[in-house]
>>> print(open('model_20.pdb').read())   # PDB, C-alpha atoms
MODEL        1
ATOM      1  CA  MET A   1    -101.671 -21.055  25.146
ATOM      2  CA  ILE A   2    -105.085 -22.431  24.223
ATOM      3  CA  LEU A   3    -105.598 -23.656  27.795
ATOM      4  CA  GLN A   4    -104.908 -20.174  29.151
ATOM      5  CA  GLU A   5    -107.413 -18.714  26.696
ATOM      6  CA  LEU A   6    -109.931 -21.396  27.662
ATOM      7  CA  PHE A   7    -109.594 -20.652  31.387
ATOM      8  CA  GLY A   8    -109.887 -16.946  30.594
ATOM      9  CA  TRP A   9    -113.070 -17.638  28.643
ATOM     10  CA  PHE A  10    -114.534 -19.575  31.564
ATOM     11  CA  GLY A  11    -113.606 -16.751  33.943
ATOM     12  CA  ASP A  12    -115.406 -14.063  31.951
ATOM     13  CA  PRO A  13    -118.772 -13.317  33.660
ATOM     14  CA  ALA A  14    -120.242 -12.128  30.350
ATOM     15  CA  HIS A  15    -120.239 -15.714  29.098
ATOM     16  CA  TRP A  16    -122.495 -16.862  31.921
ATOM     17  CA  GLN A  17    -125.242 -14.241  31.710
ATOM     18  CA  GLY A  18    -128.051 -13.264  29.373
ATOM     19  CA  PRO A  19    -129.643 -15.109  26.453
ATOM     20  CA  ASP A  20    -126.240 -15.979  24.998
ATOM     21  CA  GLY A  21    -124.842 -17.202  28.323
ATOM     22  CA  VAL A  22    -123.858 -20.808  28.933
ATOM     23  CA  PRO A  23    -126.766 -21.645  31.323
ATOM     24  CA  ASN A  24    -129.394 -20.483  28.827
ATOM     25  CA  ARG A  25    -127.673 -22.227  25.901
ATOM     26  CA  MET A  26    -127.429 -25.451  27.908
ATOM     27  CA  LEU A  27    -131.122 -25.314  28.807
ATOM     28  CA  GLU A  28    -131.992 -24.781  25.144
ATOM     29  CA  HIS A  29    -129.814 -27.730  24.147
ATOM     30  CA  LEU A  30    -131.320 -29.932  26.844
ATOM     31  CA  GLY A  31    -134.817 -28.881  25.761
ATOM     32  CA  TYR A  32    -134.156 -29.875  22.146
ATOM     33  CA  THR A  33    -132.753 -33.198  23.333
ATOM     34  CA  LEU A  34    -135.560 -34.147  25.715
ATOM     35  CA  LEU A  35    -138.307 -33.100  23.322
ATOM     36  CA  SER A  36    -136.731 -35.086  20.497
ATOM     37  CA  VAL A  37    -136.146 -38.229  22.580
ATOM     38  CA  PHE A  38    -139.654 -38.149  24.061
ATOM     39  CA  GLY A  39    -141.145 -37.637  20.601
ATOM     40  CA  ALA A  40    -139.093 -40.510  19.179
ATOM     41  CA  ALA A  41    -140.025 -42.757  22.113
ATOM     42  CA  ALA A  42    -143.737 -42.050  21.550
ATOM     43  CA  ILE A  43    -143.327 -43.354  18.003
ATOM     44  CA  ALA A  44    -140.717 -46.087  18.346
ATOM     45  CA  ILE A  45    -141.733 -47.852  21.565
ATOM     46  CA  PRO A  46    -145.342 -48.724  20.564
ATOM     47  CA  LEU A  47    -144.179 -49.730  17.085
ATOM     48  CA  GLY A  48    -141.325 -51.854  18.453
ATOM     49  CA  LEU A  49    -143.633 -53.530  20.968
ATOM     50  CA  TYR A  50    -146.204 -54.366  18.315
ATOM     51  CA  VAL A  51    -143.740 -55.783  15.797
ATOM     52  CA  GLY A  52    -141.724 -57.616  18.442
ATOM     53  CA  HIS A  53    -144.821 -59.167  20.001
ATOM     54  CA  SER A  54    -146.670 -60.061  16.812
ATOM     55  CA  GLY A  55    -143.660 -60.892  14.638
ATOM     56  CA  ARG A  56    -145.312 -59.049  11.740
ATOM     57  CA  GLY A  57    -143.311 -56.575   9.707
ATOM     58  CA  GLY A  58    -139.914 -57.361  11.203
ATOM     59  CA  VAL A  59    -138.114 -57.245   7.850
ATOM     60  CA  VAL A  60    -139.754 -53.935   6.943
ATOM     61  CA  LEU A  61    -138.917 -52.543  10.375
ATOM     62  CA  VAL A  62    -135.233 -53.414  10.068
ATOM     63  CA  GLY A  63    -135.038 -51.943   6.572
ATOM     64  CA  LEU A  64    -136.804 -48.754   7.635
ATOM     65  CA  SER A  65    -134.550 -48.364  10.654
ATOM     66  CA  ASN A  66    -131.411 -48.782   8.562
ATOM     67  CA  ALA A  67    -132.693 -46.288   5.988
ATOM     68  CA  MET A  68    -133.370 -43.704   8.703
ATOM     69  CA  ARG A  69    -129.867 -44.166  10.087
ATOM     70  CA  ALA A  70    -128.427 -43.353   6.660
ATOM     71  CA  LEU A  71    -130.184 -39.971   6.393
ATOM     72  CA  PRO A  72    -127.807 -36.958   6.573
ATOM     73  CA  THR A  73    -128.905 -35.163   9.736
ATOM     74  CA  LEU A  74    -127.739 -31.664   8.828
ATOM     75  CA  GLY A  75    -129.366 -31.851   5.388
ATOM     76  CA  LEU A  76    -132.590 -33.248   6.859
ATOM     77  CA  VAL A  77    -132.749 -30.609   9.607
ATOM     78  CA  THR A  78    -132.074 -27.803   7.129
ATOM     79  CA  PHE A  79    -134.706 -29.115   4.695
ATOM     80  CA  LEU A  80    -137.378 -29.512   7.390
ATOM     81  CA  PHE A  81    -136.467 -26.112   8.875
ATOM     82  CA  LEU A  82    -137.155 -24.482   5.502
ATOM     83  CA  ILE A  83    -140.338 -26.504   4.960
ATOM     84  CA  ALA A  84    -141.601 -25.496   8.415
ATOM     85  CA  GLY A  85    -141.092 -21.810   7.637
ATOM     86  CA  GLY A  86    -138.086 -21.252   9.882
ATOM     87  CA  SER A  87    -139.666 -22.626  13.080
ATOM     88  CA  GLU A  88    -138.182 -24.961  15.668
ATOM     89  CA  ALA A  89    -140.585 -27.702  14.568
ATOM     90  CA  GLY A  90    -138.432 -28.657  11.586
ATOM     91  CA  THR A  91    -135.336 -29.053  13.748
ATOM     92  CA  ILE A  92    -137.192 -31.151  16.318
ATOM     93  CA  VAL A  93    -138.632 -33.424  13.634
ATOM     94  CA  GLY A  94    -135.155 -33.949  12.181
ATOM     95  CA  LEU A  95    -133.780 -34.882  15.603
ATOM     96  CA  ILE A  96    -136.737 -37.197  16.208
ATOM     97  CA  VAL A  97    -135.919 -39.027  12.984
ATOM     98  CA  LEU A  98    -132.359 -39.451  14.288
ATOM     99  CA  ALA A  99    -133.559 -40.800  17.650
ATOM    100  CA  VAL A 100    -136.162 -43.277  16.385
ATOM    101  CA  PRO A 101    -133.864 -46.080  15.083
ATOM    102  CA  PRO A 102    -131.963 -46.906  18.319
ATOM    103  CA  ILE A 103    -135.153 -46.829  20.406
ATOM    104  CA  LEU A 104    -136.994 -48.915  17.839
ATOM    105  CA  ALA A 105    -134.172 -51.459  17.639
ATOM    106  CA  GLY A 106    -133.858 -51.704  21.425
ATOM    107  CA  THR A 107    -137.602 -52.186  21.953
ATOM    108  CA  TYR A 108    -138.000 -54.726  19.154
ATOM    109  CA  SER A 109    -134.918 -56.707  20.199
ATOM    110  CA  GLY A 110    -135.948 -56.664  23.848
ATOM    111  CA  VAL A 111    -139.335 -58.217  23.102
ATOM    112  CA  GLN A 112    -137.891 -60.708  20.619
ATOM    113  CA  ASP A 113    -135.198 -61.815  23.079
ATOM    114  CA  THR A 114    -137.704 -62.683  25.800
ATOM    115  CA  ASP A 115    -137.250 -66.337  26.743
ATOM    116  CA  ARG A 116    -139.771 -68.343  24.699
ATOM    117  CA  GLY A 117    -140.142 -70.796  27.566
ATOM    118  CA  VAL A 118    -141.381 -68.008  29.812
ATOM    119  CA  VAL A 119    -143.830 -66.778  27.161
ATOM    120  CA  ASP A 120    -145.116 -70.316  26.560
ATOM    121  CA  ALA A 121    -145.587 -70.795  30.292
ATOM    122  CA  ALA A 122    -147.610 -67.579  30.440
ATOM    123  CA  ARG A 123    -149.734 -68.803  27.537
ATOM    124  CA  GLY A 124    -150.249 -72.106  29.329
ATOM    125  CA  MET A 125    -151.505 -70.222  32.388
ATOM    126  CA  GLY A 126    -154.256 -68.717  30.245
ATOM    127  CA  MET A 127    -152.809 -65.233  29.754
ATOM    128  CA  THR A 128    -154.099 -63.294  26.777
ATOM    129  CA  GLY A 129    -151.708 -61.828  24.198
ATOM    130  CA  TRP A 130    -152.098 -58.380  25.811
ATOM    131  CA  GLN A 131    -151.315 -59.791  29.260
ATOM    132  CA  ARG A 132    -148.253 -61.651  27.971
ATOM    133  CA  LEU A 133    -146.992 -58.454  26.349
ATOM    134  CA  TRP A 134    -147.303 -56.204  29.402
ATOM    135  CA  GLN A 135    -146.687 -58.693  32.192
ATOM    136  CA  VAL A 136    -143.968 -60.847  30.598
ATOM    137  CA  GLU A 137    -142.389 -59.369  27.477
ATOM    138  CA  VAL A 138    -142.217 -55.681  28.399
ATOM    139  CA  PRO A 139    -140.544 -56.272  31.795
ATOM    140  CA  ASN A 140    -137.988 -58.566  30.153
ATOM    141  CA  ALA A 141    -137.447 -56.041  27.333
ATOM    142  CA  LEU A 142    -136.665 -53.146  29.691
ATOM    143  CA  PRO A 143    -132.843 -53.544  29.698
ATOM    144  CA  LEU A 144    -132.575 -53.324  25.915
ATOM    145  CA  LEU A 145    -135.320 -50.723  25.679
ATOM    146  CA  MET A 146    -133.512 -48.468  28.146
ATOM    147  CA  GLY A 147    -130.268 -49.098  26.289
ATOM    148  CA  GLY A 148    -131.941 -47.831  23.121
ATOM    149  CA  LEU A 149    -133.146 -44.712  24.933
ATOM    150  CA  ARG A 150    -129.650 -44.014  26.222
ATOM    151  CA  ASN A 151    -128.135 -44.426  22.769
ATOM    152  CA  ALA A 152    -130.752 -42.130  21.270
ATOM    153  CA  ALA A 153    -130.190 -39.469  23.922
ATOM    154  CA  LEU A 154    -126.427 -39.475  23.365
ATOM    155  CA  GLN A 155    -126.840 -39.211  19.597
ATOM    156  CA  VAL A 156    -129.300 -36.337  19.886
ATOM    157  CA  VAL A 157    -127.139 -34.436  22.391
ATOM    158  CA  ALA A 158    -124.206 -34.648  20.004
ATOM    159  CA  THR A 159    -126.272 -33.769  16.942
ATOM    160  CA  ALA A 160    -128.503 -31.045  18.401
ATOM    161  CA  SER A 161    -125.623 -28.636  17.812
ATOM    162  CA  VAL A 162    -126.718 -28.574  14.150
ATOM    163  CA  ALA A 163    -129.677 -26.471  15.313
ATOM    164  CA  ALA A 164    -127.289 -23.526  15.372
ATOM    165  CA  TYR A 165    -126.712 -23.855  11.622
ATOM    166  CA  VAL A 166    -130.362 -23.027  10.963
ATOM    167  CA  GLY A 167    -130.424 -20.040  13.301
ATOM    168  CA  LEU A 168    -131.632 -21.716  16.486
ATOM    169  CA  GLY A 169    -130.042 -21.841  19.931
ATOM    170  CA  GLY A 170    -128.346 -24.483  22.016
ATOM    171  CA  LEU A 171    -124.693 -25.126  22.719
ATOM    172  CA  GLY A 172    -124.064 -25.338  18.996
ATOM    173  CA  ARG A 173    -124.133 -21.528  18.984
ATOM    174  CA  LEU A 174    -120.837 -21.560  20.859
ATOM    175  CA  LEU A 175    -119.286 -23.707  18.145
ATOM    176  CA  LEU A 176    -120.690 -21.726  15.239
ATOM    177  CA  ASP A 177    -120.096 -18.268  16.708
ATOM    178  CA  GLY A 178    -116.597 -19.244  17.800
ATOM    179  CA  LEU A 179    -115.697 -20.438  14.305
ATOM    180  CA  ARG A 180    -117.161 -17.293  12.772
ATOM    181  CA  VAL A 181    -114.855 -14.992  14.767
ATOM    182  CA  ILE A 182    -111.963 -17.513  14.953
ATOM    183  CA  ASP A 183    -112.317 -17.807  18.740
ATOM    184  CA  TYR A 184    -111.051 -21.340  19.334
ATOM    185  CA  SER A 185    -111.423 -21.087  23.102
ATOM    186  CA  LYS A 186    -115.160 -20.561  22.594
ATOM    187  CA  VAL A 187    -115.308 -23.520  20.197
ATOM    188  CA  LEU A 188    -113.482 -25.738  22.685
ATOM    189  CA  ALA A 189    -115.739 -24.572  25.519
ATOM    190  CA  GLY A 190    -118.818 -25.433  23.458
ATOM    191  CA  ALA A 191    -117.453 -28.902  22.690
ATOM    192  CA  LEU A 192    -116.664 -29.492  26.365
ATOM    193  CA  PHE A 193    -120.144 -28.424  27.464
ATOM    194  CA  ILE A 194    -121.784 -30.716  24.891
ATOM    195  CA  ALA A 195    -119.644 -33.630  26.116
ATOM    196  CA  LEU A 196    -120.446 -32.781  29.737
ATOM    197  CA  LEU A 197    -124.173 -32.641  29.021
ATOM    198  CA  ALA A 198    -123.990 -36.001  27.255
ATOM    199  CA  VAL A 199    -122.197 -37.610  30.210
ATOM    200  CA  LEU A 200    -124.629 -36.158  32.766
ATOM    201  CA  LEU A 201    -127.682 -37.215  30.769
ATOM    202  CA  ASP A 202    -126.299 -40.734  30.345
ATOM    203  CA  LEU A 203    -125.654 -40.969  34.090
ATOM    204  CA  VAL A 204    -129.232 -39.882  34.811
ATOM    205  CA  LEU A 205    -130.643 -42.465  32.404
ATOM    206  CA  ALA A 206    -128.318 -45.137  33.805
ATOM    207  CA  GLY A 207    -129.612 -44.356  37.299
ATOM    208  CA  LEU A 208    -133.199 -44.529  36.032
ATOM    209  CA  GLN A 209    -132.432 -47.862  34.400
ATOM    210  CA  ARG A 210    -131.119 -49.267  37.674
ATOM    211  CA  ILE A 211    -134.331 -48.148  39.395
ATOM    212  CA  ILE A 212    -136.902 -49.535  36.954
ATOM    213  CA  VAL A 213    -135.056 -52.655  35.765
ATOM    214  CA  PRO A 214    -134.728 -55.430  38.391
ATOM    215  CA  ARG A 215    -131.157 -56.523  39.071
ATOM    216  CA  GLY A 216    -131.878 -60.070  37.905
ATOM    217  CA  LEU A 217    -132.959 -58.805  34.490
ATOM    218  CA  ARG A 218    -129.876 -56.580  34.211
ATOM    219  CA  VAL A 219    -127.620 -59.549  34.915
ATOM    220  CA  ALA A 220    -129.537 -61.773  32.489
ATOM    221  CA  ALA A 221    -129.413 -59.109  29.753
ATOM    222  CA  ALA A 222    -125.670 -58.728  30.200
ATOM    223  CA  ALA A 223    -125.217 -62.497  29.947
ATOM    224  CA  VAL A 224    -127.334 -62.671  26.777
ATOM    225  CA  ALA A 225    -125.438 -59.753  25.227
ATOM    226  CA  GLY A 226    -122.180 -61.559  25.872
ATOM    227  CA  ARG A 227    -123.008 -64.666  23.843
ATOM    228  CA  PRO A 228    -123.909 -65.052  20.154
ATOM    229  CA  LYS A 229    -127.495 -65.594  19.095
ATOM    230  CA  ALA A 230    -128.255 -69.001  17.607
ATOM    231  CA  ARG A 231    -131.977 -68.796  16.914
ATOM    232  CA  SER A 232    -134.148 -67.114  14.338
ATOM    233  CA  SER A 233    -136.517 -64.327  15.391
ATOM    234  CA  GLY A 234    -139.096 -64.889  12.688
ATOM    235  CA  ARG A 235    -142.156 -65.801  14.737
ATOM    236  CA  THR A 236    -145.798 -64.908  14.602
ATOM    237  CA  GLU A 237    -147.879 -64.455  17.689
ATOM    238  CA  SER A 238    -151.199 -62.865  18.549
TER
ENDMDL
END
>>> encode(input="model_20.pdb", output="structure tokens")
Amino acid sequence: MILQELFGWFGDPAHWQGPDGVPNRMLEHLGYTLLSVFGAAAIAIPLGLYVGHSGRGGVVLVGLSNAMRALPTLGLVTFLFLIAGGSEAGTIVGLIVLAVPPILAGTYSGVQDTDRGVVDAARGMGMTGWQRLWQVEVPNALPLLMGGLRNAALQVVATASVAAYVGLGGLGRLLLDGLRVIDYSKVLAGALFIALLAVLLDLVLAGLQRIIVPRGLRVAAAAVAGRPKARSSGRTES
């Protein structure tokens, strides 16, 4: 029964046109996601690179990241929405807060996991700290950094539906409006579209990762991820 209603919902042209149509809602949802991930990356990547390279503030970084993960997203988005006077800025800031921890963790871990022998060799060749960061550590950190970006994007896609609860758009409108009128086919359609968008975005980022990360580094990162760590990461470097 529900499948017949779902197919009927998909077959209704009214659901694919206008500001409330699926294409427009998907573009809104994608816009929230990309803006939030880019904003989080602008904050988390430089911070993760600095802490991972210098070794300063690692304990504070881990604690801050864990604290941000514990924040209730819906409550945070609602609070910031009210503080921002009902604008989209509050919602975007809330989603940025959600996206920062995985990007920060991936960047920091990627730099910290760079083979110390390679870094020491670069130092022995006379490279400055800046050169070692950009020519040695950043390229080796790319697999984990991209993994953090992918995790952040998936989390934001799934959570951006909360924007509907504060009167904004996106695919969350299908969920909220469907529940309001007890239209479960609309709710199911909204959930399916959110899942589809998450899968497509992850495939795009996976393709980008294969392009910018050399195959040797991908294989090495997979091998490192498959064995336990036995060393401490508490180092200090200029």
>>> resolve_selection(input="model_20.pdb", expression="the PyMOL selection byres ((chain A and resi 14-19) around 12)", output="VMD selection string")
chain A and resid 6 to 13 20 to 28 169 to 171 173 to 174 185 to 186 189 to 190
>>> resolve_selection(input="model_20.pdb", expression="the PyMOL selection byres ((chain A and resi 108) around 9)", output="JSON, numbers by chain")
{"A": [45, 47, 48, 49, 50, 51, 52, 53, 58, 103, 104, 105, 106, 107, 109, 110, 111, 112, 113, 141, 144, 145]}
>>> write_last_selection(input="model_20.pdb", atoms="C-alpha atoms", output="tab-separated table (two decimals), in the coordinates of the input")
chain	number	residue	atom	x	y	z
A	45	ILE	CA	-141.73	-47.85	21.56
A	47	LEU	CA	-144.18	-49.73	17.08
A	48	GLY	CA	-141.32	-51.85	18.45
A	49	LEU	CA	-143.63	-53.53	20.97
A	50	TYR	CA	-146.20	-54.37	18.32
A	51	VAL	CA	-143.74	-55.78	15.80
A	52	GLY	CA	-141.72	-57.62	18.44
A	53	HIS	CA	-144.82	-59.17	20.00
A	58	GLY	CA	-139.91	-57.36	11.20
A	103	ILE	CA	-135.15	-46.83	20.41
A	104	LEU	CA	-136.99	-48.92	17.84
A	105	ALA	CA	-134.17	-51.46	17.64
A	106	GLY	CA	-133.86	-51.70	21.42
A	107	THR	CA	-137.60	-52.19	21.95
A	109	SER	CA	-134.92	-56.71	20.20
A	110	GLY	CA	-135.95	-56.66	23.85
A	111	VAL	CA	-139.34	-58.22	23.10
A	112	GLN	CA	-137.89	-60.71	20.62
A	113	ASP	CA	-135.20	-61.82	23.08
A	141	ALA	CA	-137.45	-56.04	27.33
A	144	LEU	CA	-132.57	-53.32	25.92
A	145	LEU	CA	-135.32	-50.72	25.68
>>> residues_around(input="model_20.pdb", residues="Pro139 of chain A", least_positions_apart="2", cutoff="10 Å", atoms="all atoms listed in the file", output="ChimeraX atom specification")
/A:110-111,114,133-137,141-143,145,212-214,217
>>> closest_residue(input="model_20.pdb", among="A:Ala70, A:Val62, A:Val181, A:Leu76", to="Val166 of chain A", atoms="all atoms listed in the file")
A:Leu76
>>> resolve_selection(input="model_20.pdb", expression="the PyMOL selection byres ((chain A and resi 41) around 9)", output="list in words")
Ser36, Val37, Phe38, Gly39, Ala40, Ala42, Ile43, Ala44, Ile45, Pro46, Ile96, Ala99, Val100, Ile103, Leu104 and Leu149 of chain A
>>> atom_distance(input="model_20.pdb", atom1="atom CA of Gly90 of chain A", atom2="atom CA of Val77 of chain A")
6.3 Å
>>> closest_residue(input="model_20.pdb", among="A:Leu64, A:Leu208, A:Val199, A:Val187", to="Glu5 of chain A", atoms="all atoms listed in the file")
A:Val187
>>> atom_distance(input="model_20.pdb", atom1="atom CA of Val157 of chain A", atom2="atom CA of Leu192 of chain A")
12.2 Å
>>> residues_around(input="model_20.pdb", residues="Leu168 of chain A", least_positions_apart="4", cutoff="10 Å", atoms="only C-alpha atoms", output="list in words")
Glu28, His29, Gly86, Ser87, Glu88, Thr91, Ser161, Val162, Ala163, Ala164, Gly172 and Arg173 of chain A
>>> atom_distance(input="model_20.pdb", atom1="atom CA of Tyr165 of chain A", atom2="atom CA of Leu3 of chain A")
26.6 Å
>>> closest_residue(input="model_20.pdb", among="A:Ser65, A:Leu74, A:Thr33, A:Met125", to="Ile194 of chain A", atoms="only C-alpha atoms")
A:Thr33
>>> closest_residue(input="model_20.pdb", among="A:Gln4, A:Asn140, A:Ser54, A:Thr73", to="Ala158 of chain A", atoms="all atoms listed in the file")
A:Thr73
>>> closest_residue(input="model_20.pdb", among="A:Leu154, A:Ala191, A:Met146, A:Thr159", to="Arg210 of chain A", atoms="all atoms listed in the file")
A:Met146
>>> closest_residue(input="model_20.pdb", among="A:Leu35, A:Ala67, A:Asp120, A:Trp130", to="Val93 of chain A", atoms="all atoms listed in the file")
A:Leu35
>>> axis_aligned_box(input="model_20.pdb", around="segment 77-95 of chain A", padding_each_side="8 Å", output="AutoDock Vina command-line options")
--center_x -136.8 --center_y -28.1 --center_z 10.5 --size_x 25.5 --size_y 29.6 --size_z 27.6
